[in-house]
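Listing of work_1.cif; format and content: mmCIF, C-alpha atoms and all ligand atoms.
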data_structure
loop_
_atom_site.label_atom_id
_atom_site.label_comp_id
_atom_site.auth_asym_id
_atom_site.auth_seq_id
_atom_site.Cartn_x
_atom_site.Cartn_y
_atom_site.Cartn_z
CA MET A 1 -6.39 19.24 28.44
CA GLN A 2 -5.32 17.79 25.13
CA SER A 3 -2.87 14.92 24.95
CA SER A 4 0.32 15.52 23.00
CA GLN A 5 -1.02 13.23 20.28
CA GLU A 6 -4.25 15.22 19.97
CA GLN A 7 -2.15 18.37 19.65
CA ALA A 8 0.04 16.73 17.00
CA ILE A 9 -3.07 15.75 15.02
CA ILE A 10 -4.54 19.26 15.21
CA GLN A 11 -1.23 20.77 14.04
CA ALA A 12 -0.94 18.22 11.25
CA ALA A 13 -4.48 18.99 10.05
CA SER A 14 -3.69 22.69 9.86
CA ARG A 15 -0.53 21.99 7.89
CA LEU A 16 -2.65 20.02 5.42
CA ALA A 17 -5.02 22.99 5.18
CA GLN A 18 -1.99 25.21 4.42
CA GLY A 19 -1.05 23.00 1.49
CA GLU A 20 1.79 21.14 3.22
CA LEU A 21 2.55 17.42 3.43
CA VAL A 22 1.81 15.22 6.46
CA ALA A 23 2.77 11.55 6.94
CA PHE A 24 0.27 9.49 8.93
CA PRO A 25 -0.41 5.87 9.90
CA THR A 26 -3.20 3.78 8.44
CA GLU A 27 -4.03 0.16 9.23
CA THR A 28 -2.27 -0.93 6.01
CA VAL A 29 0.90 1.18 5.64
CA TYR A 30 1.89 4.80 6.41
CA GLY A 31 0.66 7.39 3.91
CA LEU A 32 2.17 10.64 2.61
CA GLY A 33 -0.79 13.02 2.59
CA ALA A 34 -1.84 16.32 1.08
CA ASP A 35 -5.13 18.20 0.66
CA ALA A 36 -6.80 16.32 -2.22
CA GLU A 37 -8.44 19.51 -3.50
CA ASN A 38 -5.20 21.48 -3.67
CA PRO A 39 -3.26 20.58 -6.84
CA ARG A 40 -0.08 22.34 -5.66
CA ALA A 41 -0.12 20.37 -2.43
CA VAL A 42 -0.72 17.09 -4.31
CA ASN A 43 2.21 17.94 -6.61
CA LYS A 44 4.45 18.04 -3.53
CA ILE A 45 3.65 14.35 -2.99
CA TYR A 46 4.80 13.50 -6.51
CA GLN A 47 7.98 15.52 -6.02
CA ALA A 48 8.80 14.00 -2.63
CA LYS A 49 8.20 10.45 -3.86
CA GLY A 50 9.88 10.88 -7.23
CA ARG A 51 6.70 9.49 -8.72
CA PRO A 52 5.58 10.13 -12.32
CA ALA A 53 2.71 12.65 -12.40
CA ASN A 54 0.41 10.38 -14.40
CA HIS A 55 0.00 7.97 -11.47
CA PRO A 56 -3.20 8.56 -9.52
CA VAL A 57 -3.35 8.76 -5.71
CA ILE A 58 -6.00 7.50 -3.30
CA VAL A 59 -8.25 10.03 -1.52
CA HIS A 60 -8.71 9.15 2.17
CA VAL A 61 -11.94 10.23 3.84
CA ALA A 62 -13.27 10.13 7.41
CA PRO A 63 -16.01 7.68 8.41
CA GLY A 64 -19.41 9.00 7.38
CA ALA A 65 -17.96 11.33 4.70
CA ASP A 66 -20.26 12.17 1.79
CA LEU A 67 -18.99 9.98 -1.04
CA SER A 68 -21.00 11.93 -3.60
CA TYR A 69 -18.70 14.90 -2.92
CA TRP A 70 -15.83 12.89 -4.44
CA ALA A 71 -17.49 10.59 -6.97
CA LYS A 72 -20.48 10.54 -9.31
CA ASN A 73 -22.75 7.80 -10.66
CA ILE A 74 -21.92 5.68 -7.60
CA PRO A 75 -23.11 2.13 -8.32
CA GLU A 76 -24.97 -0.11 -5.87
CA GLU A 77 -21.86 -2.33 -5.68
CA ALA A 78 -20.01 0.53 -3.97
CA ASN A 79 -22.63 0.81 -1.23
CA LYS A 80 -22.53 -2.93 -0.62
CA LEU A 81 -18.73 -3.02 -0.37
CA ILE A 82 -18.63 0.08 1.84
CA LYS A 83 -21.20 -1.43 4.19
CA ALA A 84 -19.16 -4.60 4.46
CA PHE A 85 -15.59 -3.26 4.60
CA TRP A 86 -15.37 0.45 5.55
CA PRO A 87 -13.66 1.70 7.50
CA GLY A 88 -10.96 -0.69 6.42
CA PRO A 89 -8.33 -1.73 3.88
CA LEU A 90 -10.44 -1.41 0.71
CA THR A 91 -10.03 1.26 -1.98
CA LEU A 92 -12.83 1.83 -4.50
CA ILE A 93 -12.18 3.33 -7.93
CA LEU A 94 -15.22 5.37 -8.95
CA GLN A 95 -16.07 7.99 -11.58
CA ARG A 96 -14.60 11.21 -10.27
CA ALA A 97 -16.69 14.26 -9.39
CA SER A 98 -15.86 17.15 -11.71
CA HIS A 99 -14.14 19.38 -9.12
CA ILE A 100 -11.54 16.71 -8.22
CA PRO A 101 -8.21 17.93 -9.61
CA ASP A 102 -6.47 16.11 -12.44
CA THR A 103 -3.35 15.68 -10.32
CA VAL A 104 -5.25 13.38 -7.93
CA SER A 105 -6.52 11.13 -10.66
CA GLY A 106 -3.37 11.17 -12.77
CA GLY A 107 -5.46 12.64 -15.60
CA GLN A 108 -7.95 9.74 -15.59
CA ASP A 109 -11.68 10.32 -15.14
CA SER A 110 -11.82 8.12 -12.04
CA VAL A 111 -10.95 8.64 -8.39
CA GLY A 112 -9.74 6.15 -5.79
CA VAL A 113 -11.41 6.56 -2.37
CA ARG A 114 -10.76 4.81 0.89
CA CYS A 115 -11.88 5.22 4.51
CA PRO A 116 -9.10 3.91 6.78
CA SER A 117 -9.83 2.28 10.14
CA HIS A 118 -6.72 3.50 11.99
CA PRO A 119 -7.80 5.83 14.82
CA VAL A 120 -4.99 8.33 14.16
CA ALA A 121 -5.86 8.49 10.44
CA GLN A 122 -9.54 8.96 11.30
CA ALA A 123 -8.82 11.73 13.82
CA LEU A 124 -6.62 13.53 11.26
CA LEU A 125 -9.25 13.22 8.52
CA GLN A 126 -12.05 14.42 10.82
CA GLN A 127 -10.03 17.39 12.05
CA PHE A 128 -8.99 18.31 8.51
CA ALA A 129 -12.59 18.17 7.22
CA ARG A 130 -13.61 20.57 10.01
CA LEU A 131 -11.16 23.14 8.65
CA LYS A 132 -12.79 23.09 5.21
CA PRO A 133 -15.61 25.53 4.42
CA SER A 134 -17.55 22.69 2.74
CA GLY A 135 -17.07 20.41 5.76
CA GLN A 136 -15.73 17.82 3.30
CA GLY A 137 -12.02 17.14 3.37
CA GLY A 138 -10.07 14.40 1.68
CA VAL A 139 -6.41 13.57 2.04
CA ALA A 140 -4.69 12.32 -1.10
CA ALA A 141 -2.06 9.85 0.03
CA PRO A 142 0.07 7.20 -1.58
CA SER A 143 2.25 5.01 0.61
CA ALA A 144 4.98 7.12 2.26
CA ASN A 145 7.96 5.66 0.41
CA LYS A 146 10.05 6.68 -2.58
CA PHE A 147 8.53 5.53 -5.88
CA GLY A 148 8.88 1.78 -6.45
CA GLN A 149 10.29 1.08 -2.98
CA VAL A 150 8.94 -0.90 -0.05
CA SER A 151 5.97 0.68 1.78
CA PRO A 152 6.53 1.87 5.36
CA THR A 153 4.96 0.00 8.27
CA LEU A 154 6.60 2.09 11.04
CA ALA A 155 6.91 5.86 11.54
CA GLU A 156 10.71 5.47 11.59
CA HIS A 157 10.62 4.04 8.06
CA VAL A 158 9.04 7.30 6.86
CA ILE A 159 11.47 9.43 8.84
CA SER A 160 14.49 7.70 7.32
CA GLU A 161 13.07 7.89 3.78
CA PHE A 162 12.17 11.61 3.66
CA PRO A 163 14.98 13.56 5.38
CA GLU A 164 14.44 16.69 3.25
CA GLU A 165 10.73 16.89 3.98
CA ILE A 166 11.35 16.23 7.70
CA ALA A 167 13.94 19.04 7.73
CA ARG A 168 11.26 21.32 6.23
CA GLY A 169 8.96 20.48 9.14
CA MET A 170 6.78 17.69 7.73
CA PRO A 171 5.03 15.98 10.66
CA VAL A 172 5.06 12.20 10.86
CA LEU A 173 2.19 11.14 13.09
CA GLU A 174 3.09 8.15 15.27
CA GLY A 175 0.76 5.16 15.11
CA GLY A 176 2.96 2.21 15.97
CA ALA A 177 3.47 -0.77 13.67
CA THR A 178 0.67 -0.97 11.11
CA GLU A 179 -1.76 -3.80 11.77
CA ILE A 180 -2.05 -5.23 8.25
CA GLY A 181 1.31 -4.36 6.73
CA ILE A 182 0.45 -4.43 3.00
CA GLU A 183 -1.55 -1.95 0.94
CA SER A 184 -5.33 -1.96 0.57
CA THR A 185 -7.27 -4.15 -1.83
CA ILE A 186 -8.30 -2.03 -4.85
CA ILE A 187 -11.60 -2.67 -6.63
CA ASP A 188 -12.47 -0.74 -9.78
CA LEU A 189 -16.17 0.10 -10.09
CA SER A 190 -15.72 3.00 -12.52
CA ARG A 191 -17.03 1.13 -15.57
CA ILE A 192 -20.08 -0.59 -14.08
CA GLN A 193 -22.36 1.66 -16.15
CA GLN A 194 -20.58 0.56 -19.32
CA GLY A 195 -21.36 -3.01 -18.35
CA VAL A 196 -17.90 -3.88 -16.98
CA LYS A 197 -18.22 -5.69 -13.68
CA ALA A 198 -16.08 -5.04 -10.59
CA VAL A 199 -12.36 -5.53 -11.30
CA LEU A 200 -9.71 -6.45 -8.72
CA LEU A 201 -6.82 -4.06 -9.48
CA ARG A 202 -4.67 -4.96 -6.48
CA PRO A 203 -5.12 -7.91 -4.11
CA GLY A 204 -4.91 -7.16 -0.39
CA HIS A 205 -6.03 -8.24 3.06
CA ILE A 206 -9.66 -8.23 1.92
CA SER A 207 -9.67 -11.21 -0.38
CA ARG A 208 -11.30 -11.94 -3.73
CA GLU A 209 -13.47 -14.48 -1.90
CA GLN A 210 -14.71 -11.87 0.60
CA ILE A 211 -15.52 -9.48 -2.27
CA LYS A 212 -17.36 -12.30 -4.02
CA GLN A 213 -19.43 -12.99 -0.89
CA VAL A 214 -20.65 -9.38 -0.91
CA LEU A 215 -21.11 -8.81 -4.66
CA GLY A 216 -22.41 -12.26 -5.48
CA TYR A 217 -19.75 -12.72 -8.17
CA PRO A 218 -15.93 -12.81 -8.09
CA PRO A 219 -14.23 -9.58 -9.20
CA LEU A 220 -12.65 -9.78 -12.66
CA LEU A 221 -8.94 -9.60 -13.30
CA PRO A 222 -7.70 -6.38 -14.96
CA ASP A 223 -7.91 -6.02 -18.75
CA ASN A 224 -6.10 -3.51 -20.99
CA HIS A 225 -8.77 -0.87 -20.45
CA ALA A 226 -8.71 -1.04 -16.65
CA PRO A 227 -7.54 2.16 -14.95
CA ARG A 228 -3.80 2.33 -14.48
CA ALA A 229 -2.43 1.68 -11.01
CA SER A 230 1.26 2.05 -10.20
CA GLY A 231 0.95 -0.66 -7.56
CA THR A 232 0.10 -2.89 -10.50
CA LEU A 233 3.34 -2.17 -12.37
CA LYS A 234 5.33 -5.31 -12.90
CA ALA A 235 8.37 -4.16 -10.91
CA HIS A 236 7.28 -2.46 -7.69
CA TYR A 237 7.53 -2.82 -3.91
CA ALA A 238 11.21 -3.73 -4.22
CA PRO A 239 13.93 -3.62 -1.56
CA ARG A 240 17.37 -2.29 -2.54
CA THR A 241 19.01 -5.69 -2.16
CA PRO A 242 18.43 -7.91 -5.24
CA LEU A 243 15.62 -10.33 -4.41
CA ALA A 244 14.71 -13.66 -5.99
CA LEU A 245 12.27 -16.43 -5.15
CA ILE A 246 13.41 -20.00 -4.56
CA THR A 247 11.31 -23.16 -4.40
CA ALA A 248 11.54 -25.76 -1.63
CA LYS A 249 13.13 -28.08 -4.21
CA GLY A 250 15.69 -25.44 -5.10
CA LEU A 251 16.55 -25.06 -1.43
CA GLU A 252 16.98 -28.80 -1.04
CA ALA A 253 19.18 -29.12 -4.11
CA GLY A 254 21.42 -26.38 -2.69
CA GLN A 255 22.65 -25.43 -6.19
CA VAL A 256 21.86 -21.74 -5.96
CA LEU A 257 22.78 -21.34 -2.33
CA GLY A 258 26.00 -23.32 -2.68
CA GLN A 259 27.44 -20.50 -4.83
CA VAL A 260 27.87 -17.61 -2.41
CA PRO A 261 31.04 -15.81 -3.60
CA PRO A 262 33.72 -15.39 -0.94
CA GLY A 263 33.16 -12.29 1.17
CA GLN A 264 29.42 -12.15 0.36
CA LYS A 265 26.48 -12.70 2.70
CA TRP A 266 23.05 -13.79 1.46
CA ALA A 267 19.79 -13.70 3.41
CA VAL A 268 17.49 -16.66 2.84
CA CYS A 269 13.96 -16.54 4.07
CA VAL A 270 12.20 -19.88 4.68
CA PHE A 271 9.16 -21.31 6.43
CA ASN A 272 11.20 -23.69 8.55
CA LYS A 273 14.67 -22.61 9.51
CA ASN A 274 15.37 -25.74 11.57
CA SER A 275 15.22 -27.98 8.54
CA GLN A 276 18.09 -26.06 6.83
CA ALA A 277 21.70 -27.18 7.13
CA ASP A 278 24.42 -24.60 7.89
CA MET A 279 25.91 -23.24 4.67
CA ALA A 280 28.80 -20.85 4.16
CA GLY A 281 27.73 -17.24 3.57
CA ILE A 282 24.04 -17.92 4.26
CA ASP A 283 21.95 -16.42 7.06
CA TRP A 284 18.56 -18.11 7.48
CA PHE A 285 15.46 -16.15 8.44
CA GLN A 286 12.18 -17.77 9.37
CA VAL A 287 8.88 -16.28 8.21
CA SER A 288 5.34 -17.05 9.34
CA SER A 289 3.52 -19.89 7.61
CA GLU A 290 0.29 -17.96 8.13
CA PRO A 291 -0.51 -15.39 5.38
CA VAL A 292 -1.93 -12.59 7.57
CA GLN A 293 1.11 -12.64 9.85
CA TYR A 294 3.43 -12.93 6.83
CA ALA A 295 1.87 -9.81 5.30
CA HIS A 296 2.21 -7.99 8.60
CA ASP A 297 5.95 -8.76 8.79
CA LEU A 298 6.97 -8.60 5.11
CA TYR A 299 7.98 -4.98 4.53
CA ALA A 300 9.73 -4.55 7.89
CA PHE A 301 11.66 -7.72 7.05
CA LEU A 302 12.71 -6.42 3.61
CA ARG A 303 13.85 -3.14 5.15
CA LYS A 304 15.78 -5.00 7.84
CA VAL A 305 17.58 -7.12 5.26
CA ASP A 306 18.40 -3.95 3.28
CA SER A 307 19.93 -2.41 6.39
CA LEU A 308 22.05 -5.45 7.25
CA GLY A 309 24.18 -5.26 4.11
CA TYR A 310 23.32 -8.55 2.38
CA GLN A 311 24.24 -8.90 -1.30
CA ARG A 312 21.14 -10.98 -2.10
CA ILE A 313 17.82 -12.04 -0.63
CA TYR A 314 16.22 -15.37 -1.50
CA ILE A 315 12.64 -15.94 -0.40
CA GLN A 316 10.96 -19.33 -0.39
CA THR A 317 8.01 -19.45 -2.79
CA LEU A 318 4.58 -19.29 -1.17
CA PRO A 319 1.90 -21.97 -1.02
CA GLU A 320 -0.48 -21.99 -4.01
CA ASP A 321 -3.56 -20.99 -2.15
CA GLU A 322 -5.79 -17.93 -2.62
CA ARG A 323 -5.10 -16.84 0.94
CA TRP A 324 -1.55 -16.04 -0.18
CA ASP A 325 -2.56 -13.97 -3.26
CA ALA A 326 -1.84 -10.55 -1.77
CA VAL A 327 1.66 -11.33 -0.46
CA ASN A 328 2.42 -13.37 -3.55
CA ASP A 329 1.54 -10.34 -5.69
CA ARG A 330 3.99 -8.14 -3.72
CA LEU A 331 6.79 -10.73 -3.83
CA GLN A 332 6.39 -11.38 -7.56
CA ARG A 333 6.61 -7.64 -8.25
CA ALA A 334 9.58 -7.19 -5.92
CA ALA A 335 11.42 -10.03 -7.69
CA ALA A 336 10.50 -8.57 -11.11
CA ALA A 337 12.54 -5.48 -10.22
CA PHE A 338 15.66 -7.73 -10.53
CA PRO A 339 15.28 -9.69 -13.77
O1 LIG B 1 -3.32 0.88 1.72
C1 LIG B 1 -3.21 1.75 0.88
O2 LIG B 1 -3.91 1.79 -0.14
C2 LIG B 1 -2.12 2.83 1.12
C3 LIG B 1 -2.52 3.65 2.33
C4 LIG B 1 -1.60 4.83 2.55
O3 LIG B 1 -3.85 4.05 2.22
N1 LIG B 1 -1.97 3.64 -0.04
C5 LIG B 1 -1.37 3.20 -1.16
O4 LIG B 1 -1.22 4.16 -2.10
O5 LIG B 1 -0.97 2.07 -1.29
P1 LIG B 1 -0.31 4.01 -3.40
O6 LIG B 1 -0.39 5.30 -4.12
O7 LIG B 1 1.03 3.54 -3.01
O8 LIG B 1 -1.09 2.97 -4.22
C6 LIG B 1 -2.37 3.34 -4.63
C7 LIG B 1 -2.75 2.62 -5.85
C8 LIG B 1 -1.82 2.95 -6.97
O9 LIG B 1 -1.50 1.75 -7.63
C9 LIG B 1 -2.65 3.89 -7.81
O10 LIG B 1 -2.24 3.86 -9.14
C10 LIG B 1 -4.05 3.34 -7.58
O11 LIG B 1 -4.06 3.05 -6.22
N2 LIG B 1 -5.09 4.35 -7.84
C11 LIG B 1 -5.38 5.45 -7.14
N3 LIG B 1 -6.34 6.16 -7.76
C12 LIG B 1 -6.67 5.48 -8.87
C13 LIG B 1 -7.56 5.68 -9.95
N4 LIG B 1 -8.33 6.77 -10.03
N5 LIG B 1 -7.61 4.76 -10.91
C14 LIG B 1 -6.81 3.68 -10.86
N6 LIG B 1 -5.95 3.44 -9.89
C15 LIG B 1 -5.86 4.31 -8.91
MG MG B 2 2.84 2.59 -2.94
#
Would you mind giving the structure from this file in structure tokens?
Amino acid sequence: MQSSQEQAIIQAASRLAQGELVAFPTETVYGLGADAENPRAVNKIYQAKGRPANHPVIVHVAPGADLSYWAKNIPEEANKLIKAFWPGPLTLILQRASHIPDTVSGGQDSVGVRCPSHPVAQALLQQFARLKPSGQGGVAAPSANKFGQVSPTLAEHVISEFPEEIARGMPVLEGGATEIGIESTIIDLSRIQQGVKAVLLRPGHISREQIKQVLGYPPLLPDNHAPRASGTLKAHYAPRTPLALITAKGLEAGQVLGQVPPGQKWAVCVFNKNSQADMAGIDWFQVSSEPVQYAHDLYAFLRKVDSLGYQRIYIQTLPEDERWDAVNDRLQRAAAAFP
């Protein structure tokens, strides 16, 4: 007998094969998926998210999938990184195989590919590939949130964000709270043959240092010719409540936080709540002083603050240490949405 989750996965895979959307958990954040080889299905993702059509989406594949089905001229660097980090939170940008639709790559000649480690994602991808005549199936999926908003780390985040799609029968596979909580690290390898080394397009749980260990050199920072990535837009990953960063000195001086207008409530997020004095209009929240845990909690925290009706969020600036790069990147972009 099949468990109800196995049944849900089988049904979700057949919906994908019919060109419909499915939301599913990964170890990073929940994804909003469609058959990567069906341009009409991929267009439904853009419509649901309200995302501009020139932004490429990542193709998710099952463990052991044939990468040469999706990409061409695959460099040795890709094999090294795959051996070290797949399945897991690493997306590789490669030269796209010619049958990959334009809609997936946002019109660029590259394709982003990732093999997630979440068991529900893997089961969905395996089942979907079985339904394809070629035996190769890929699920194009951005994070399952409206364009520019905070990524979902719980199934209920997806359910509250896409009421129309849910009403039309879109399944949201349950996978609990996502383990990592921020999006995958993205490494661009699409220009290796032109002599451009690996480029870090988006920092994530897999750090620059770990990539360096495997490649033997640190990945470069993006230049003007690097492939476009919406997660690399300046203002992205933002909550609805205006967010700003505040230094420890700024907290101590109390100048900013001493100005809460009557009737307003501000949320202030610090590493040590106990060291803060009571202040009118301020609610203190404590966050982890450990970067992996911080990343895990960040998006759920931002969504919680949004739901509690605060007028502003202040977040204490992070330590200047490479281990904080990925969360720092997300916070800087969130704050940039509120200049
Ligand atoms: O962890 C993740 O990567 C999650 C889960 C669902 O897998 N997905 C995710 O997707 O964060 P999304 O669309 O929110 O962000 C994917 C990023 C975007 O910044 C997109 O522009 C970039 O990957 N990307 C995808 N394909 C690309 C390509 N061919 N060239 C350059 N960037 C690409
Ligand atoms: Mg996203």
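Each of A:Leu318, A:Cys115, A:Val268, A:Val120 was checked against Phe85 of chain A using all atoms listed in the file; the smallest atom-to-atom distance is that of A:Cys115.
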Wanna dump the segment 83-151 of chain A-segment 203-220 of chain A contacts at 12 Å for me, each residue with its shortest atom pair and the distance in Å to one decimal, counting only C-alpha atoms, ordered by chain and number, as a tab-separated table?
residue	atom	partner	partner_atom	distance
A:Lys83	CA	A:Val214	CA	9.5
A:Ala84	CA	A:Val214	CA	7.3
A:Phe85	CA	A:Ile206	CA	8.2
A:Trp86	CA	A:Ile206	CA	11.0
A:Gly88	CA	A:Ile206	CA	8.9
A:Pro89	CA	A:Ile206	CA	6.9
A:Leu90	CA	A:Ile206	CA	7.0
A:Thr91	CA	A:Gly204	CA	10.0
A:Leu92	CA	A:Ile211	CA	11.8
- line: From atom CA of Ala226 of chain A to atom CA of Ala36 of chain A the spacing works out at 22.7 Å
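One finds atom CA of His236 of chain A at 8.2 Å from atom MG of ligand MG 2 (chain B).
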message: Neighbours of ligand LIG 1 (chain B) at 7 Å or closer, counting all atoms listed in the file: which residues, as a PyMOL selection string?
response: chain A and resi 26+28-32+55-58+89+91+93+105+108+110-112+116+141-144+182-184+186+227-232
Within 12 Å of Ala140 of chain A using all atoms listed in the file, minus same-chain residues under 4 positions, as a compact mmCIF listing (two decimals) with C-alpha atoms, keeping the file's coordinate frame:
# COMPACT_ATOMS: atom_id res chain seq x y z
CA LEU A 16 -2.65 20.02 5.42
CA GLY A 19 -1.05 23.00 1.49
CA GLU A 20 1.79 21.14 3.22
CA LEU A 21 2.55 17.42 3.43
CA VAL A 22 1.81 15.22 6.46
CA ALA A 23 2.77 11.55 6.94
CA PHE A 24 0.27 9.49 8.93
CA GLY A 31 0.66 7.39 3.91
CA LEU A 32 2.17 10.64 2.61
CA GLY A 33 -0.79 13.02 2.59
CA ALA A 34 -1.84 16.32 1.08
CA ASP A 35 -5.13 18.20 0.66
CA ALA A 36 -6.80 16.32 -2.22
CA GLU A 37 -8.44 19.51 -3.50
CA ASN A 38 -5.20 21.48 -3.67
CA PRO A 39 -3.26 20.58 -6.84
CA ARG A 40 -0.08 22.34 -5.66
CA ALA A 41 -0.12 20.37 -2.43
CA VAL A 42 -0.72 17.09 -4.31
CA ASN A 43 2.21 17.94 -6.61
CA LYS A 44 4.45 18.04 -3.53
CA ILE A 45 3.65 14.35 -2.99
CA TYR A 46 4.80 13.50 -6.51
CA PRO A 56 -3.20 8.56 -9.52
CA VAL A 57 -3.35 8.76 -5.71
CA ILE A 58 -6.00 7.50 -3.30
CA VAL A 59 -8.25 10.03 -1.52
CA HIS A 60 -8.71 9.15 2.17
CA VAL A 61 -11.94 10.23 3.84
CA TRP A 70 -15.83 12.89 -4.44
CA ILE A 100 -11.54 16.71 -8.22
CA PRO A 101 -8.21 17.93 -9.61
CA THR A 103 -3.35 15.68 -10.32
CA VAL A 104 -5.25 13.38 -7.93
CA SER A 105 -6.52 11.13 -10.66
CA GLY A 106 -3.37 11.17 -12.77
CA VAL A 111 -10.95 8.64 -8.39
CA GLY A 112 -9.74 6.15 -5.79
CA VAL A 113 -11.41 6.56 -2.37
CA ARG A 114 -10.76 4.81 0.89
CA CYS A 115 -11.88 5.22 4.51
CA LEU A 125 -9.25 13.22 8.52
CA ALA A 144 4.98 7.12 2.26
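Minimum atom-to-atom distances from A:Pro63, A:Gly148, A:Gly50, A:Pro171 to ligand MG 2 (chain B) were compared using only C-alpha atoms and all ligand atoms, and the lowest value belongs to A:Gly148.
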- prompt: If we count only C-alpha atoms, what is near Gln193 of chain A at a cut-off of 10 Å, once residues fewer than 5 positions away on the same chain are taken out, given as a VMD selection string?
  reply: chain A and resid 73 to 75
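Minimum atom-to-atom distance to ligand MG 2 (chain B), evaluated using all atoms listed in the file, belongs to A:Pro152 out of A:Pro319, A:Glu6, A:Pro152, A:Gln293.
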field: Point (12.6, -5.5, 9.5) neighbourhood (12 Å, all atoms listed in the file) written as an MDAnalysis selection string
entry: chainID A and resid 150:154 156:157 177 181 239 285 287 296:308
Could you rebuild segment 246-264 of chain A with N, CA and C atoms and give it back as a PDB file, keeping the file's coordinate frame?
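Ended up saving to selection-v6.pdb:
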ATOM      1  N   ILE A 246      12.805 -18.673  -4.428  1.00  0.00           N
ATOM      2  CA  ILE A 246      13.410 -20.000  -4.560  1.00  0.00           C
ATOM      3  C   ILE A 246      12.420 -21.046  -4.049  1.00  0.00           C
ATOM      4  N   THR A 247      12.268 -22.125  -4.804  1.00  0.00           N
ATOM      5  CA  THR A 247      11.310 -23.160  -4.400  1.00  0.00           C
ATOM      6  C   THR A 247      11.917 -24.046  -3.313  1.00  0.00           C
ATOM      7  N   ALA A 248      11.053 -24.830  -2.656  1.00  0.00           N
ATOM      8  CA  ALA A 248      11.540 -25.760  -1.630  1.00  0.00           C
ATOM      9  C   ALA A 248      12.524 -26.746  -2.263  1.00  0.00           C
ATOM     10  N   LYS A 249      12.222 -27.162  -3.490  1.00  0.00           N
ATOM     11  CA  LYS A 249      13.130 -28.080  -4.210  1.00  0.00           C
ATOM     12  C   LYS A 249      14.481 -27.443  -4.441  1.00  0.00           C
ATOM     13  N   GLY A 250      14.461 -26.189  -4.861  1.00  0.00           N
ATOM     14  CA  GLY A 250      15.690 -25.440  -5.100  1.00  0.00           C
ATOM     15  C   GLY A 250      16.523 -25.329  -3.830  1.00  0.00           C
ATOM     16  N   LEU A 251      15.844 -25.141  -2.709  1.00  0.00           N
ATOM     17  CA  LEU A 251      16.550 -25.060  -1.430  1.00  0.00           C
ATOM     18  C   LEU A 251      17.233 -26.383  -1.116  1.00  0.00           C
ATOM     19  N   GLU A 252      16.461 -27.465  -1.335  1.00  0.00           N
ATOM     20  CA  GLU A 252      16.980 -28.800  -1.040  1.00  0.00           C
ATOM     21  C   GLU A 252      18.202 -29.117  -1.896  1.00  0.00           C
ATOM     22  N   ALA A 253      18.100 -28.791  -3.202  1.00  0.00           N
ATOM     23  CA  ALA A 253      19.180 -29.120  -4.110  1.00  0.00           C
ATOM     24  C   ALA A 253      20.455 -28.346  -3.760  1.00  0.00           C
ATOM     25  N   GLY A 254      20.253 -27.146  -3.157  1.00  0.00           N
ATOM     26  CA  GLY A 254      21.420 -26.380  -2.690  1.00  0.00           C
ATOM     27  C   GLY A 254      22.260 -25.789  -3.810  1.00  0.00           C
ATOM     28  N   GLN A 255      21.804 -25.898  -5.084  1.00  0.00           N
ATOM     29  CA  GLN A 255      22.650 -25.430  -6.190  1.00  0.00           C
ATOM     30  C   GLN A 255      22.851 -23.921  -6.167  1.00  0.00           C
ATOM     31  N   VAL A 256      21.756 -23.202  -5.964  1.00  0.00           N
ATOM     32  CA  VAL A 256      21.860 -21.740  -5.960  1.00  0.00           C
ATOM     33  C   VAL A 256      22.624 -21.283  -4.729  1.00  0.00           C
ATOM     34  N   LEU A 257      22.236 -21.848  -3.581  1.00  0.00           N
ATOM     35  CA  LEU A 257      22.780 -21.340  -2.330  1.00  0.00           C
ATOM     36  C   LEU A 257      24.205 -21.840  -2.070  1.00  0.00           C
ATOM     37  N   GLY A 258      24.630 -22.833  -2.825  1.00  0.00           N
ATOM     38  CA  GLY A 258      26.000 -23.320  -2.680  1.00  0.00           C
ATOM     39  C   GLY A 258      27.016 -22.408  -3.368  1.00  0.00           C
ATOM     40  N   GLN A 259      26.543 -21.322  -3.994  1.00  0.00           N
ATOM     41  CA  GLN A 259      27.440 -20.500  -4.830  1.00  0.00           C
ATOM     42  C   GLN A 259      27.705 -19.110  -4.273  1.00  0.00           C
ATOM     43  N   VAL A 260      27.615 -18.942  -2.971  1.00  0.00           N
ATOM     44  CA  VAL A 260      27.870 -17.610  -2.410  1.00  0.00           C
ATOM     45  C   VAL A 260      29.344 -17.251  -2.624  1.00  0.00           C
ATOM     46  N   PRO A 261      29.633 -16.181  -3.373  1.00  0.00           N
ATOM     47  CA  PRO A 261      31.040 -15.810  -3.600  1.00  0.00           C
ATOM     48  C   PRO A 261      31.709 -15.444  -2.274  1.00  0.00           C
ATOM     49  N   PRO A 262      33.006 -15.702  -2.176  1.00  0.00           N
ATOM     50  CA  PRO A 262      33.720 -15.390  -0.940  1.00  0.00           C
ATOM     51  C   PRO A 262      33.515 -13.922  -0.560  1.00  0.00           C
ATOM     52  N   GLY A 263      33.338 -13.674   0.708  1.00  0.00           N
ATOM     53  CA  GLY A 263      33.160 -12.290   1.170  1.00  0.00           C
ATOM     54  C   GLY A 263      31.725 -11.805   1.103  1.00  0.00           C
ATOM     55  N   GLN A 264      30.821 -12.585   0.435  1.00  0.00           N
ATOM     56  CA  GLN A 264      29.420 -12.150   0.360  1.00  0.00           C
ATOM     57  C   GLN A 264      28.578 -12.829   1.439  1.00  0.00           C
TER      58      GLN A 264
END
